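Here's model35.pdb, which has PDB, C-alpha atoms and all ligand atoms:
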MODEL        1
ATOM      1  CA  MET A  21      98.765  14.373 126.611
ATOM      2  CA  MET A  22      96.655  11.285 125.851
ATOM      3  CA  LEU A  23      95.456  10.513 129.386
ATOM      4  CA  LYS A  24      91.701  10.351 129.882
ATOM      5  CA  SER A  25      91.323   8.818 133.349
ATOM      6  CA  LYS A  26      93.152   7.940 136.545
ATOM      7  CA  GLU A  27      92.556   4.225 135.971
ATOM      8  CA  GLU A  28      94.605   4.268 132.768
ATOM      9  CA  VAL A  29      97.829   5.337 134.484
ATOM     10  CA  PRO A  30      98.981   1.980 135.927
ATOM     11  CA  ASP A  31      97.805   0.185 132.767
ATOM     12  CA  ILE A  32      99.881   2.425 130.525
ATOM     13  CA  PHE A  33     102.923   1.996 132.741
ATOM     14  CA  ALA A  34     102.535  -1.802 132.714
ATOM     15  CA  LYS A  35     102.155  -1.811 128.916
ATOM     16  CA  GLN A  36     105.273   0.309 128.507
ATOM     17  CA  LYS A  37     107.298  -2.156 130.571
ATOM     18  CA  ALA A  38     105.870  -5.099 128.660
ATOM     19  CA  LYS A  39     106.587  -3.522 125.269
ATOM     20  CA  LEU A  40     110.194  -2.873 126.211
ATOM     21  CA  HIS A  41     110.650  -6.185 128.062
ATOM     22  CA  VAL A  42     112.077  -4.424 131.116
ATOM     23  CA  ASP A  43     111.357  -4.434 134.846
ATOM     24  CA  SER A  44     112.545  -0.882 135.315
ATOM     25  CA  PHE A  45     113.379   2.236 133.326
ATOM     26  CA  ASP A  46     116.802   3.901 133.455
ATOM     27  CA  TYR A  47     115.289   7.166 132.228
ATOM     28  CA  TYR A  48     111.538   7.675 132.238
ATOM     29  CA  LEU A  49     110.320  10.701 130.320
ATOM     30  CA  VAL A  50     106.846  12.200 130.708
ATOM     31  CA  HIS A  51     105.949  13.347 127.201
ATOM     32  CA  ASP A  52     105.168  16.955 126.265
ATOM     33  CA  MET A  53     104.560  18.719 129.555
ATOM     34  CA  ASN A  54     102.930  22.121 129.203
ATOM     35  CA  HIS A  55     100.417  23.907 131.390
ATOM     36  CA  VAL A  56      97.466  21.916 129.993
ATOM     37  CA  ASN A  57      99.135  18.499 130.147
ATOM     38  CA  TYR A  58     100.618  19.247 133.557
ATOM     39  CA  GLU A  59      97.167  19.935 135.013
ATOM     40  CA  LYS A  60      95.915  16.761 133.361
ATOM     41  CA  ALA A  61      98.820  14.711 134.755
ATOM     42  CA  LYS A  62      98.085  16.051 138.239
ATOM     43  CA  LYS A  63      94.331  15.529 137.919
ATOM     44  CA  TYR A  64      94.746  11.888 136.924
ATOM     45  CA  GLY A  65      97.413  11.220 139.560
ATOM     46  CA  ALA A  66     100.127  10.440 136.995
ATOM     47  CA  ILE A  67     102.809  12.485 138.710
ATOM     48  CA  ASP A  68     102.158  10.940 142.148
ATOM     49  CA  PHE A  69     102.101   7.509 140.524
ATOM     50  CA  LEU A  70     105.464   8.048 138.813
ATOM     51  CA  ARG A  71     106.965   9.435 141.969
ATOM     52  CA  GLU A  72     106.038   6.207 143.759
ATOM     53  CA  LYS A  73     107.620   4.215 140.925
ATOM     54  CA  ARG A  74     110.764   6.301 141.335
ATOM     55  CA  LYS A  75     110.822   5.453 145.048
ATOM     56  CA  SER A  76     110.267   1.745 144.411
ATOM     57  CA  GLY A  77     113.101   1.674 141.837
ATOM     58  CA  GLU A  78     110.942   0.849 138.793
ATOM     59  CA  ILE A  79     112.107   4.241 137.513
ATOM     60  CA  ARG A  80     115.747   5.153 138.112
ATOM     61  CA  CYS A  81     115.649   8.670 136.763
ATOM     62  CA  LEU A  82     112.450  10.658 136.214
ATOM     63  CA  GLY A  83     112.048  13.636 133.906
ATOM     64  CA  PHE A  84     109.847  15.180 131.250
ATOM     65  CA  SER A  85     109.933  16.879 127.899
ATOM     66  CA  PHE A  86     108.651  20.426 127.929
ATOM     67  CA  HIS A  87     106.989  22.843 125.528
ATOM     68  CA  ASP A  88     105.800  25.997 127.225
ATOM     69  CA  THR A  89     107.035  29.199 128.848
ATOM     70  CA  PRO A  90     109.884  29.475 131.373
ATOM     71  CA  GLU A  91     107.318  30.564 133.983
ATOM     72  CA  VAL A  92     105.383  27.295 133.600
ATOM     73  CA  LEU A  93     108.619  25.297 133.771
ATOM     74  CA  ASP A  94     109.614  27.124 136.936
ATOM     75  CA  ARG A  95     106.233  26.384 138.511
ATOM     76  CA  ILE A  96     106.354  22.676 137.641
ATOM     77  CA  LEU A  97     109.856  22.345 139.079
ATOM     78  CA  ASP A  98     108.969  24.339 142.195
ATOM     79  CA  GLU A  99     105.961  22.112 142.826
ATOM     80  CA  ASN A 100     107.790  18.859 141.973
ATOM     81  CA  PRO A 101     111.407  19.106 143.136
ATOM     82  CA  PHE A 102     111.905  15.364 142.649
ATOM     83  CA  PHE A 103     112.206  15.568 138.831
ATOM     84  CA  GLU A 104     115.766  14.790 137.758
ATOM     85  CA  PHE A 105     116.113  15.978 134.158
ATOM     86  CA  VAL A 106     114.216  17.957 131.577
ATOM     87  CA  GLN A 107     114.149  17.696 127.790
ATOM     88  CA  LEU A 108     114.014  21.070 126.046
ATOM     89  CA  GLN A 109     113.829  22.276 122.479
ATOM     90  CA  ILE A 110     117.158  24.046 122.019
ATOM     91  CA  ASN A 111     118.813  25.280 118.846
ATOM     92  CA  TYR A 112     120.458  28.525 117.829
ATOM     93  CA  LEU A 113     117.364  29.732 115.979
ATOM     94  CA  ASP A 114     115.037  29.267 118.971
ATOM     95  CA  TRP A 115     117.592  30.315 121.589
ATOM     96  CA  GLU A 116     116.426  33.935 121.794
ATOM     97  CA  SER A 117     113.074  33.503 120.013
ATOM     98  CA  ALA A 118     110.076  35.094 121.685
ATOM     99  CA  GLY A 119     107.923  32.070 120.895
ATOM    100  CA  ILE A 120     110.084  29.173 122.156
ATOM    101  CA  GLN A 121     112.314  30.972 124.676
ATOM    102  CA  SER A 122     114.933  28.200 124.728
ATOM    103  CA  HIS A 123     117.497  30.289 126.566
ATOM    104  CA  LYS A 124     115.148  31.225 129.397
ATOM    105  CA  CYS A 125     113.880  27.634 129.772
ATOM    106  CA  TYR A 126     117.480  26.393 129.862
ATOM    107  CA  ASP A 127     118.248  28.929 132.595
ATOM    108  CA  VAL A 128     115.249  27.758 134.639
ATOM    109  CA  ALA A 129     116.347  24.106 134.391
ATOM    110  CA  THR A 130     119.878  25.096 135.386
ATOM    111  CA  LYS A 131     118.600  27.149 138.313
ATOM    112  CA  HIS A 132     116.793  24.041 139.584
ATOM    113  CA  GLY A 133     119.959  21.958 139.139
ATOM    114  CA  LEU A 134     118.465  19.727 136.430
ATOM    115  CA  PRO A 135     120.561  18.487 133.510
ATOM    116  CA  VAL A 136     119.079  19.160 130.074
ATOM    117  CA  ILE A 137     118.463  16.769 127.210
ATOM    118  CA  VAL A 138     118.251  18.715 123.958
ATOM    119  CA  MET A 139     115.621  17.927 121.330
ATOM    120  CA  GLU A 140     115.354  19.608 117.924
ATOM    121  CA  PRO A 141     118.982  20.838 117.786
ATOM    122  CA  VAL A 142     118.662  21.152 113.992
ATOM    123  CA  LYS A 143     115.022  22.320 114.214
ATOM    124  CA  GLY A 144     113.477  19.487 112.273
ATOM    125  CA  GLY A 145     116.188  19.759 109.586
ATOM    126  CA  THR A 146     115.646  23.490 108.965
ATOM    127  CA  LEU A 147     119.162  24.347 110.172
ATOM    128  CA  ALA A 148     120.800  21.678 108.008
ATOM    129  CA  ASN A 149     119.883  23.755 104.996
ATOM    130  CA  PRO A 150     119.748  27.436 105.960
ATOM    131  CA  PRO A 151     119.492  30.278 103.422
ATOM    132  CA  GLN A 152     122.488  30.808 101.136
ATOM    133  CA  ASN A 153     123.739  33.950 102.913
ATOM    134  CA  VAL A 154     123.836  32.047 106.212
ATOM    135  CA  LYS A 155     125.590  29.068 104.627
ATOM    136  CA  GLU A 156     128.238  31.417 103.290
ATOM    137  CA  MET A 157     128.906  33.152 106.597
ATOM    138  CA  LEU A 158     129.202  29.817 108.414
ATOM    139  CA  HIS A 159     131.412  28.358 105.695
ATOM    140  CA  GLU A 160     133.746  31.331 105.878
ATOM    141  CA  ALA A 161     134.284  30.826 109.625
ATOM    142  CA  HIS A 162     134.784  27.028 109.472
ATOM    143  CA  PRO A 163     134.925  25.665 105.911
ATOM    144  CA  ASP A 164     135.034  22.061 107.173
ATOM    145  CA  TRP A 165     131.833  22.242 109.266
ATOM    146  CA  SER A 166     128.421  21.540 107.720
ATOM    147  CA  PRO A 167     125.429  23.714 108.753
ATOM    148  CA  ALA A 168     123.999  20.746 110.725
ATOM    149  CA  GLU A 169     127.304  20.369 112.545
ATOM    150  CA  TRP A 170     127.202  24.037 113.544
ATOM    151  CA  ALA A 171     123.708  23.544 114.929
ATOM    152  CA  ILE A 172     124.534  20.448 116.966
ATOM    153  CA  ARG A 173     127.758  22.036 118.230
ATOM    154  CA  PHE A 174     125.724  24.973 119.521
ATOM    155  CA  ALA A 175     123.519  22.728 121.673
ATOM    156  CA  ALA A 176     126.359  20.471 122.791
ATOM    157  CA  SER A 177     128.466  23.457 123.884
ATOM    158  CA  LEU A 178     126.006  24.480 126.595
ATOM    159  CA  GLU A 179     127.477  23.555 129.949
ATOM    160  CA  ASN A 180     124.343  22.048 131.498
ATOM    161  CA  VAL A 181     123.483  19.831 128.512
ATOM    162  CA  MET A 182     123.655  16.103 129.211
ATOM    163  CA  VAL A 183     122.560  14.691 125.835
ATOM    164  CA  VAL A 184     121.821  16.108 122.391
ATOM    165  CA  LEU A 185     119.221  14.137 120.447
ATOM    166  CA  SER A 186     119.784  14.591 116.762
ATOM    167  CA  GLY A 187     117.547  13.001 114.168
ATOM    168  CA  MET A 188     119.705  11.234 111.582
ATOM    169  CA  SER A 189     118.447   9.649 108.409
ATOM    170  CA  ASP A 190     121.519   7.913 107.013
ATOM    171  CA  LEU A 191     124.905   6.479 107.934
ATOM    172  CA  ALA A 192     126.795   9.515 106.616
ATOM    173  CA  GLN A 193     124.958  11.776 109.093
ATOM    174  CA  LEU A 194     125.671   9.349 111.910
ATOM    175  CA  ASP A 195     129.372   9.274 110.977
ATOM    176  CA  GLU A 196     129.500  13.060 110.800
ATOM    177  CA  ASN A 197     127.879  13.484 114.225
ATOM    178  CA  MET A 198     130.075  10.882 115.860
ATOM    179  CA  GLY A 199     133.162  12.411 114.292
ATOM    180  CA  PHE A 200     132.840  15.835 115.871
ATOM    181  CA  MET A 201     131.222  14.683 119.119
ATOM    182  CA  GLN A 202     134.253  12.545 119.951
ATOM    183  CA  ASP A 203     136.847  14.698 121.717
ATOM    184  CA  PHE A 204     134.314  17.509 121.526
ATOM    185  CA  THR A 205     135.465  21.079 122.045
ATOM    186  CA  PRO A 206     132.798  23.692 122.796
ATOM    187  CA  LEU A 207     132.206  26.624 120.468
ATOM    188  CA  THR A 208     134.172  29.787 121.115
ATOM    189  CA  GLU A 209     132.322  32.955 122.091
ATOM    190  CA  GLU A 210     132.950  34.301 118.576
ATOM    191  CA  ASP A 211     131.366  31.213 116.995
ATOM    192  CA  GLN A 212     128.350  31.467 119.304
ATOM    193  CA  ALA A 213     127.919  35.134 118.426
ATOM    194  CA  LEU A 214     128.120  34.264 114.740
ATOM    195  CA  LEU A 215     125.311  31.715 115.141
ATOM    196  CA  LEU A 216     123.081  34.251 116.839
ATOM    197  CA  GLN A 217     123.680  36.612 113.900
ATOM    198  CA  ALA A 218     122.834  33.717 111.589
ATOM    199  CA  ALA A 219     119.580  33.207 113.529
ATOM    200  CA  GLU A 220     118.592  36.816 112.861
ATOM    201  CA  LYS A 221     119.213  36.358 109.152
ATOM    202  CA  ILE A 222     117.183  33.134 109.049
ATOM    203  CA  ARG A 223     114.320  34.691 110.994
ATOM    204  CA  ASP A 224     114.129  37.420 108.375
ATOM    205  CA  GLY A 225     113.380  34.744 105.804
ATOM    206  CA  ILE A 226     111.141  32.236 107.628
ATOM    207  CA  ALA A 227     107.547  33.289 107.942
ATOM    208  CA  ILE A 228     106.113  30.524 110.165
ATOM    209  CA  PRO A 229     108.316  28.672 112.715
ATOM    210  CA  CYS A 230     106.647  25.281 112.130
ATOM    211  CA  THR A 231     108.909  22.273 112.853
ATOM    212  CA  GLY A 232     106.653  19.788 111.040
ATOM    213  CA  CYS A 233     106.068  17.763 114.236
ATOM    214  CA  ARG A 234     102.522  17.042 112.970
ATOM    215  CA  TYR A 235     100.861  17.162 116.385
ATOM    216  CA  CYS A 236      98.238  19.461 114.870
ATOM    217  CA  VAL A 237      97.142  16.764 112.424
ATOM    218  CA  GLU A 238      97.747  13.674 114.566
ATOM    219  CA  ALA A 239      96.923  14.711 118.148
ATOM    220  CA  SER A 240      94.109  17.007 117.030
ATOM    221  CA  LYS A 241      91.542  16.521 114.296
ATOM    222  CA  CYS A 242      91.002  19.518 112.064
ATOM    223  CA  PRO A 243      87.268  19.618 111.238
ATOM    224  CA  LYS A 244      88.179  20.882 107.764
ATOM    225  CA  ASN A 245      90.934  18.328 107.151
ATOM    226  CA  ILE A 246      93.526  21.032 106.520
ATOM    227  CA  LEU A 247      97.048  19.697 106.065
ATOM    228  CA  ILE A 248      98.574  22.387 108.256
ATOM    229  CA  PRO A 249     102.328  21.542 108.387
ATOM    230  CA  ASN A 250     102.500  20.740 104.682
ATOM    231  CA  TYR A 251     100.870  24.018 103.735
ATOM    232  CA  PHE A 252     103.115  25.931 106.161
ATOM    233  CA  ALA A 253     106.225  24.355 104.614
ATOM    234  CA  LEU A 254     105.050  25.348 101.140
ATOM    235  CA  PHE A 255     104.248  28.871 102.288
ATOM    236  CA  ASN A 256     107.646  29.217 104.015
ATOM    237  CA  THR A 257     109.417  28.085 100.854
ATOM    238  CA  ARG A 258     107.492  30.601  98.794
ATOM    239  CA  LYS A 259     108.495  33.311 101.241
ATOM    240  CA  LEU A 260     112.160  32.238 101.366
ATOM    241  CA  MET A 261     112.336  32.120  97.569
ATOM    242  CA  LYS A 262     110.334  35.355  97.248
ATOM    243  CA  ARG A 263     107.905  33.752  94.794
ATOM    244  CA  ARG A 264     105.554  36.126  93.049
ATOM    245  CA  ASP A 265     103.450  33.966  90.761
ATOM    246  CA  PHE A 266     102.459  30.393  90.164
ATOM    247  CA  SER A 267     105.279  28.166  91.467
ATOM    248  CA  PRO A 268     105.931  24.483  92.240
ATOM    249  CA  GLU A 269     104.657  25.150  95.782
ATOM    250  CA  ILE A 270     101.250  26.138  94.397
ATOM    251  CA  GLU A 271     101.267  23.033  92.274
ATOM    252  CA  TYR A 272     101.904  20.875  95.352
ATOM    253  CA  TYR A 273      99.208  22.760  97.225
ATOM    254  CA  GLU A 274      96.688  22.102  94.489
ATOM    255  CA  ASN A 275      97.714  18.451  94.441
ATOM    256  CA  TYR A 276      96.776  18.182  98.099
ATOM    257  CA  LEU A 277      93.428  19.833  97.476
ATOM    258  CA  SER A 278      92.718  17.425  94.654
ATOM    259  CA  GLN A 279      93.359  14.553  97.091
ATOM    260  CA  GLY A 280      90.491  15.834  99.234
ATOM    261  CA  TYR A 281      92.361  17.894 101.848
ATOM    262  CA  GLY A 282      90.790  21.139 103.011
ATOM    263  CA  LYS A 283      91.874  24.547 101.704
ATOM    264  CA  ALA A 284      93.513  27.131 103.945
ATOM    265  CA  SER A 285      90.448  29.303 103.290
ATOM    266  CA  ASP A 286      88.193  26.577 104.751
ATOM    267  CA  CYS A 287      89.586  27.258 108.247
ATOM    268  CA  ILE A 288      86.825  28.136 110.737
ATOM    269  CA  ALA A 289      89.301  29.272 113.437
ATOM    270  CA  CYS A 290      88.168  26.603 115.909
ATOM    271  CA  LYS A 291      91.785  26.594 117.220
ATOM    272  CA  SER A 292      91.792  22.913 118.143
ATOM    273  CA  CYS A 293      95.120  22.647 116.275
ATOM    274  CA  GLU A 294      96.612  25.541 118.247
ATOM    275  CA  ARG A 295      95.949  23.842 121.559
ATOM    276  CA  VAL A 296      98.425  21.062 120.696
ATOM    277  CA  CYS A 297     101.036  23.077 118.776
ATOM    278  CA  PRO A 298     104.299  22.988 120.781
ATOM    279  CA  GLN A 299     105.534  26.044 118.875
ATOM    280  CA  HIS A 300     102.467  28.105 119.925
ATOM    281  CA  ILE A 301     101.843  29.116 116.338
ATOM    282  CA  HIS A 302      98.637  31.106 115.795
ATOM    283  CA  ILE A 303      97.581  28.719 113.054
ATOM    284  CA  SER A 304      94.081  30.144 112.565
ATOM    285  CA  GLU A 305      95.566  33.629 112.020
ATOM    286  CA  TRP A 306      97.966  32.298 109.400
ATOM    287  CA  MET A 307      95.322  30.451 107.392
ATOM    288  CA  PRO A 308      93.768  33.551 105.761
ATOM    289  CA  LYS A 309      97.289  34.735 104.850
ATOM    290  CA  LEU A 310      98.038  31.354 103.295
ATOM    291  CA  ALA A 311      94.771  31.528 101.412
ATOM    292  CA  GLU A 312      95.631  34.979 100.042
ATOM    293  CA  ASN A 313      99.033  33.769  98.914
ATOM    294  CA  MET A 314      98.368  30.239  97.728
ATOM    295  CA  GLU A 315      94.797  30.477  96.489
ATOM    296  CA  ASN A 316      94.470  34.067  95.326
ATOM    297  CA  GLY A 317      97.945  34.358  93.826
ATOM    298  CA  GLN A 318      99.297  37.085  96.100
ATOM    299  CA  GLY A 319     103.105  36.788  95.887
ATOM    300  CA  PHE A 320     105.913  37.950  98.142
TER     301      PHE A 320
HETATM  302  S1  LIG B   1      91.742  26.435 113.501
HETATM  303 FE1  LIG B   1      91.493  26.011 111.313
HETATM  304  S2  LIG B   1      93.242  24.739 110.790
HETATM  305 FE2  LIG B   1      93.051  24.664 113.024
HETATM  306  S3  LIG B   1      91.788  22.845 113.447
HETATM  307 FE3  LIG B   1      90.396  24.607 113.328
HETATM  308  S4  LIG B   1      89.715  24.654 111.180
HETATM  309 FE4  LIG B   1      91.559  23.327 111.252
HETATM  310  S1  LIG B   2     101.764  21.379 115.724
HETATM  311 FE1  LIG B   2     102.637  23.404 115.220
HETATM  312  S2  LIG B   2     104.825  23.017 114.822
HETATM  313 FE2  LIG B   2     103.789  21.015 114.784
HETATM  314  S3  LIG B   2     103.297  20.693 112.596
HETATM  315 FE3  LIG B   2     101.511  21.676 113.528
HETATM  316  S4  LIG B   2     101.815  23.876 113.192
HETATM  317 FE4  LIG B   2     103.786  22.889 112.843
ENDMDL
END
Will you turn the file into structure tokens for me?
Amino acid sequence: MMLKSKEEVPDIFAKQKAKLHVDSFDYYLVHDMNHVNYEKAKKYGAIDFLREKRKSGEIRCLGFSFHDTPEVLDRILDENPFFEFVQLQINYLDWESAGIQSHKCYDVATKHGLPVIVMEPVKGGTLANPPQNVKEMLHEAHPDWSPAEWAIRFAASLENVMVVLSGMSDLAQLDENMGFMQDFTPLTEEDQALLLQAAEKIRDGIAIPCTGCRYCVEASKCPKNILIPNYFALFNTRKLMKRRDFSPEIEYYENYLSQGYGKASDCIACKSCERVCPQHIHISEWMPKLAENMENGQGF
């Protein structure tokens, strides 16, 4: 996504090896392939370059992470049958979602015989703390499983999954994950069905499926300095909690504005943020709705 010329490709590869103090990579992952970045990678010869490195043994296994439609994934894999794994965003909330299409992307990878590495199994932490009604239904089925454990079990139960990458922020989470991943038994069909019901319930409550990846503020520069993911998180909380009036979320929002960040109503719909959003969120269409809610006091 950051490439600007063909000449940079060997330099970047050399720097990566130097930073890691290695002569070769066991697994080399091309970051964030989508239709735009794929065309860029082809244009600047990055894919041909990496294929040569795979042949020479400097890369032992070549793959990429992916954020786009199943059709684009199918095209990339048809045109480049030498890729050996793919990293996909998979969790029970995105599995059947129209925006992310995890299930269909997983099926495409499987059709091409590629093992899958799962990213975002807990959806940036969202599924570690689902709404109360979802917590209760999960607790009733397995009182000893936490919501995060349910989410990771969902991803790890898929037959073609090689690795599940789970962000962990303390030793207790690491212990929990290691505990149930040792001697792992896949979810039953009933448990899987329950999670898909849970996804429906969560979707009812979440307005904007933002994972907080921050690409829209780091890989793109909003001309109005709008703190997109932070505002989305505040808006989602207001929606989940059905806030009607002034609330702590508004207070946080106003704190950001007082620090010099742009207002949602400042958005000029340039869409530069949308071009890098892996969740394909129509950010510029949400901004007026945020403004109505957070600036003009319209509640849920
Ligand atoms: S569309 Fe709006 S929020 Fe996105 S970069 Fe442009 S001004 Fe900023
Ligand atoms: S790029 Fe998209 S998903 Fe990531 S923080 Fe921005 S709006 Fe959220």
Give as number ranges by chain the residues surrounding ligand LIG 1 (chain B) up to a distance of 12 Å, considering only C-alpha atoms and all ligand atoms.
-> A: 235-252, 281-297, 301-308, 310-311
Written as a PyMOL selection string, what is the full residue list that the PyMOL selection byres (((chain A and resi 205) around 12) and not hetatm) yields on the file shown?
-> chain A and resi 173-174+176-179+199-204+206-208
Using all atoms listed in the file, find all polymer residues with an atom at most 10 Å away from the point (100.8, 8.4, 141.3); report them as a list in words.
->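 Those residues lying close to the given coordinates are Lys26, Val29, Pro30, Ala61, Lys62, Tyr64, Gly65, Ala66, Ile67, Asp68, Phe69, Leu70, Arg71, Glu72 and Lys73 of chain A.
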Written as a VMD selection string, what is the full residue list that the PyMOL selection byres (((chain A and resi 80-87) around 7) and not hetatm) yields on the file shown?
-> chain A and resid 45 to 54 74 77 to 79 88 103 to 108 298
Selection result of the PyMOL selection byres (((chain A and resi 149) around 12) and not hetatm) on this file, as a list in words = Val142, Lys143, Gly144, Gly145, Thr146, Leu147, Ala148, Pro150, Pro151, Gln152, Asn153, Val154, Lys155, Glu156, Leu158, Ser166, Pro167, Ala168, Glu169, Trp170, Ala171 and Ile222 of chain A
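For the atom pair formed by CA of Thr231 in chain A and CA of Asp114 in chain A, the distance is 11.1 Å, given to one decimal.
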With all atoms listed in the file as the basis for distance, which of A:Arg234, A:Arg263, A:Lys39, A:Arg223 is at the shortest distance from ligand LIG 2 (chain B)?
->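 Closest candidate: A:Arg234.
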What's the 10 Å shell around Leu215 in chain A, counting only C-alpha atoms, without same-chain residues fewer than 2 positions away, as a PDB file with C-alpha atoms, keeping the file's coordinate frame?
ATOM      1  CA  ASN A 111     118.813  25.280 118.846  1.00  0.00           C
ATOM      2  CA  TYR A 112     120.458  28.525 117.829  1.00  0.00           C
ATOM      3  CA  LEU A 113     117.364  29.732 115.979  1.00  0.00           C
ATOM      4  CA  VAL A 154     123.836  32.047 106.212  1.00  0.00           C
ATOM      5  CA  MET A 157     128.906  33.152 106.597  1.00  0.00           C
ATOM      6  CA  LEU A 158     129.202  29.817 108.414  1.00  0.00           C
ATOM      7  CA  TRP A 170     127.202  24.037 113.544  1.00  0.00           C
ATOM      8  CA  ALA A 171     123.708  23.544 114.929  1.00  0.00           C
ATOM      9  CA  PHE A 174     125.724  24.973 119.521  1.00  0.00           C
ATOM     10  CA  GLU A 209     132.322  32.955 122.091  1.00  0.00           C
ATOM     11  CA  GLU A 210     132.950  34.301 118.576  1.00  0.00           C
ATOM     12  CA  ASP A 211     131.366  31.213 116.995  1.00  0.00           C
ATOM     13  CA  GLN A 212     128.350  31.467 119.304  1.00  0.00           C
ATOM     14  CA  ALA A 213     127.919  35.134 118.426  1.00  0.00           C
ATOM     15  CA  GLN A 217     123.680  36.612 113.900  1.00  0.00           C
ATOM     16  CA  ALA A 218     122.834  33.717 111.589  1.00  0.00           C
ATOM     17  CA  ALA A 219     119.580  33.207 113.529  1.00  0.00           C
ATOM     18  CA  GLU A 220     118.592  36.816 112.861  1.00  0.00           C
ATOM     19  CA  LYS A 221     119.213  36.358 109.152  1.00  0.00           C
TER      20      LYS A 221
END
Atomic distance CA of Glu271 in chain A - CA of Lys309 in chain A, expressed in Å with one decimal =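 One can read the CA of Glu271 in chain A to CA of Lys309 in chain A distance as 17.6 Å.
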CA of Ile137 in chain A to CA of Asn100 in chain A: how many Å, to one decimal?
->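 Those two atoms sit 18.3 Å apart.
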Nearest to ligand LIG 2 (chain B), chosen from A:Gly232, A:Met314, A:Pro101, A:Asn275, with only C-alpha atoms and all ligand atoms counted in the distances = A:Gly232
Residue nearest Leu97 in chain A - candidates A:Ser189, A:Ser76, A:Thr130, A:Gln299, atoms counted: all atoms listed in the file |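 The closest residue to Leu97 in chain A is A:Thr130.
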Of the candidates A:Ala161, A:Ala227, A:Leu277, A:Cys233, which one gets nearest to ligand LIG 2 (chain B) if we count all atoms listed in the file?
-> A:Cys233
Might I get the box with edges along x, y and z of the file that holds all atoms of ligand LIG 2 (chain B) listed there, padded by 5 Å on every side, given as centre and edge lengths in Å to one decimal, as JSON?
{"center_x": 103.2, "center_y": 22.3, "center_z": 114.2, "size_x": 13.3, "size_y": 13.2, "size_z": 13.1}
Given the choices A:Ala253, A:Ile172, A:Ile226, A:Cys125, which gets closest to ligand LIG 2 (chain B) if the distance is worked out from all atoms listed in the file?
-> A:Ala253
Rank nothing, just name the residue among A:Asp190, A:Tyr276, A:Arg258, A:Glu140 nearest to ligand LIG 2 (chain B), using all atoms listed in the file.
->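 Checking each of A:Asp190, A:Tyr276, A:Arg258, A:Glu140 against ligand LIG 2 (chain B), counting all atoms listed in the file, the winner is A:Glu140.
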